[in-house]
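To start, the structure itself, in structure tokens.
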Amino acid sequence: MMFRVLLSLAGATLLGACNSSVETGADGNRIVHVGNDITMSTHQPPKNLPAYAPLYPGSTFVSGMEMGSGGTVTMLTQDRPAVVIAFYEKLAAEQKLSQKMGSPPDADGTQADMISQPGTKRNLTVTVGPNHDGEPATKVGLLYGAP
């Protein structure tokens with residue numbers, strides 16, 4: 001469910017954009033620039049990833065989007081959803097993000113945590129669940145910062 005919300009947010013942002021361009025680097029990386037503050041990529045993680053929202057260790061990067069001081073990242077891992085959630089909860093606590101609201105797993109295994117530091121724009125939403133693209137893996141989604 002949360003993945004669909006993140007995808008809808010990204011799609012609405014793109015549809016509402018008037019100024020966009022596509023850049024292809026020498027390595028084949030395609031980056032879509034939407035306006036001045038939004039950059040999407042399927043080959044490289046956002047450059048503004050904060051210390052409390054790194055790529056999950058050993059994961060495969062799928063896509064990312066920078067939006068101002070925030071962004072989104074999608075990854076795949078072979079680890080179970082509970083292991084992934086525990087990793088980000090521990091990291092958030094170490095980074096002083098202490099306010100947490102979580103959800104129990106849905107019937108398909110999808111689970112989400114929203115973690116923030118009160119009084120700041122430091123926040124992280126972690127969603128985990130089954131990969132519905134036919135590949136056995138856990139899909140991890142991060143929504144971080146303040147766009």
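Labeling convention for the structure tokens: chains A, B, ... as they appear, residues from 1 per chain, ligands from 1 in order of appearance.
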
**OP:** Identify, on the basis of only C-alpha atoms, every residue whose closest approach to range 110-124 of chain A does not exceed 6 Å; exclude the query and any residue fewer than 6 positions from it along the same chain; express the result as a ChimeraX atom specification.
**Re:** /A:97-104,143-146

I need the residues from that last selection saved to file as a short mmCIF file (atom, residue, chain, number, x, y, z; two decimals), in the first residue's frame (with C-alpha atoms), if you can.
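Generated output (selection11.cif):
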data_model
loop_
_atom_site.label_atom_id
_atom_site.label_comp_id
_atom_site.auth_asym_id
_atom_site.auth_seq_id
_atom_site.Cartn_x
_atom_site.Cartn_y
_atom_site.Cartn_z
CA LEU A 97 15.15 10.34 15.44
CA SER A 98 13.06 9.29 18.40
CA GLN A 99 9.40 9.72 17.44
CA LYS A 100 8.11 6.52 15.79
CA MET A 101 4.80 5.37 14.41
CA GLY A 102 4.71 1.90 12.84
CA SER A 103 2.27 -0.50 11.35
CA PRO A 104 1.97 -4.26 11.71
CA LEU A 143 10.92 8.57 1.89
CA TYR A 144 13.19 10.97 3.73
CA GLY A 145 13.71 14.62 4.62
CA ALA A 146 11.54 17.53 3.73
#

**OP:** From a DSSP calculation on the backbone, collect every residue of range 76-113 of chain A in helix (DSSP H, G or I) and output the set as a ChimeraX atom specification.
**Re:** /A:81-94

Could those residues be written to a file, using N, CA, C and O atoms, as a PDB file, in the first residue's frame?
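The result, written out as out.pdb:
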ATOM      1  N   PRO A  81      11.571  -8.644   5.672  1.00  0.00           N
ATOM      2  CA  PRO A  81      11.113  -7.306   6.017  1.00  0.00           C
ATOM      3  C   PRO A  81      11.418  -6.899   7.464  1.00  0.00           C
ATOM      4  O   PRO A  81      11.837  -5.768   7.713  1.00  0.00           O
ATOM      5  N   ALA A  82      11.236  -7.802   8.424  1.00  0.00           N
ATOM      6  CA  ALA A  82      11.477  -7.463   9.831  1.00  0.00           C
ATOM      7  C   ALA A  82      12.935  -7.084  10.078  1.00  0.00           C
ATOM      8  O   ALA A  82      13.225  -6.205  10.898  1.00  0.00           O
ATOM      9  N   VAL A  83      13.854  -7.724   9.373  1.00  0.00           N
ATOM     10  CA  VAL A  83      15.282  -7.417   9.521  1.00  0.00           C
ATOM     11  C   VAL A  83      15.573  -6.014   8.988  1.00  0.00           C
ATOM     12  O   VAL A  83      16.322  -5.239   9.585  1.00  0.00           O
ATOM     13  N   VAL A  84      14.959  -5.681   7.869  1.00  0.00           N
ATOM     14  CA  VAL A  84      15.157  -4.360   7.263  1.00  0.00           C
ATOM     15  C   VAL A  84      14.599  -3.267   8.176  1.00  0.00           C
ATOM     16  O   VAL A  84      15.266  -2.268   8.450  1.00  0.00           O
ATOM     17  N   ILE A  85      13.374  -3.456   8.663  1.00  0.00           N
ATOM     18  CA  ILE A  85      12.759  -2.481   9.571  1.00  0.00           C
ATOM     19  C   ILE A  85      13.631  -2.289  10.807  1.00  0.00           C
ATOM     20  O   ILE A  85      13.889  -1.160  11.235  1.00  0.00           O
ATOM     21  N   ALA A  86      14.126  -3.372  11.386  1.00  0.00           N
ATOM     22  CA  ALA A  86      14.975  -3.288  12.583  1.00  0.00           C
ATOM     23  C   ALA A  86      16.254  -2.499  12.301  1.00  0.00           C
ATOM     24  O   ALA A  86      16.701  -1.710  13.144  1.00  0.00           O
ATOM     25  N   PHE A  87      16.844  -2.678  11.123  1.00  0.00           N
ATOM     26  CA  PHE A  87      18.055  -1.938  10.749  1.00  0.00           C
ATOM     27  C   PHE A  87      17.786  -0.432  10.769  1.00  0.00           C
ATOM     28  O   PHE A  87      18.541   0.333  11.366  1.00  0.00           O
ATOM     29  N   TYR A  88      16.711   0.002  10.109  1.00  0.00           N
ATOM     30  CA  TYR A  88      16.420   1.434  10.033  1.00  0.00           C
ATOM     31  C   TYR A  88      15.964   2.000  11.377  1.00  0.00           C
ATOM     32  O   TYR A  88      16.284   3.153  11.712  1.00  0.00           O
ATOM     33  N   GLU A  89      15.254   1.223  12.182  1.00  0.00           N
ATOM     34  CA  GLU A  89      14.863   1.695  13.515  1.00  0.00           C
ATOM     35  C   GLU A  89      16.092   1.934  14.382  1.00  0.00           C
ATOM     36  O   GLU A  89      16.181   2.947  15.082  1.00  0.00           O
ATOM     37  N   LYS A  90      17.041   1.014  14.333  1.00  0.00           N
ATOM     38  CA  LYS A  90      18.270   1.159  15.130  1.00  0.00           C
ATOM     39  C   LYS A  90      19.066   2.366  14.658  1.00  0.00           C
ATOM     40  O   LYS A  90      19.537   3.177  15.459  1.00  0.00           O
ATOM     41  N   LEU A  91      19.207   2.509  13.355  1.00  0.00           N
ATOM     42  CA  LEU A  91      19.957   3.634  12.797  1.00  0.00           C
ATOM     43  C   LEU A  91      19.284   4.962  13.142  1.00  0.00           C
ATOM     44  O   LEU A  91      19.949   5.925  13.526  1.00  0.00           O
ATOM     45  N   ALA A  92      17.968   5.019  13.047  1.00  0.00           N
ATOM     46  CA  ALA A  92      17.237   6.241  13.377  1.00  0.00           C
ATOM     47  C   ALA A  92      17.448   6.619  14.843  1.00  0.00           C
ATOM     48  O   ALA A  92      17.665   7.793  15.162  1.00  0.00           O
ATOM     49  N   ALA A  93      17.404   5.648  15.738  1.00  0.00           N
ATOM     50  CA  ALA A  93      17.617   5.920  17.162  1.00  0.00           C
ATOM     51  C   ALA A  93      19.026   6.461  17.391  1.00  0.00           C
ATOM     52  O   ALA A  93      19.216   7.409  18.163  1.00  0.00           O
ATOM     53  N   GLU A  94      20.014   5.890  16.717  1.00  0.00           N
ATOM     54  CA  GLU A  94      21.395   6.371  16.835  1.00  0.00           C
ATOM     55  C   GLU A  94      21.531   7.801  16.319  1.00  0.00           C
ATOM     56  O   GLU A  94      22.362   8.565  16.793  1.00  0.00           O
TER      57      GLU A  94
END

**OP:** In Å, rounded to a single decimal, give me how far CA of Glu135 in chain A is from CA of Glu66 in chain A.
**Re:**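 So the two atoms, CA of Glu66 in chain A and CA of Glu135 in chain A, lie 26.3 Å apart.
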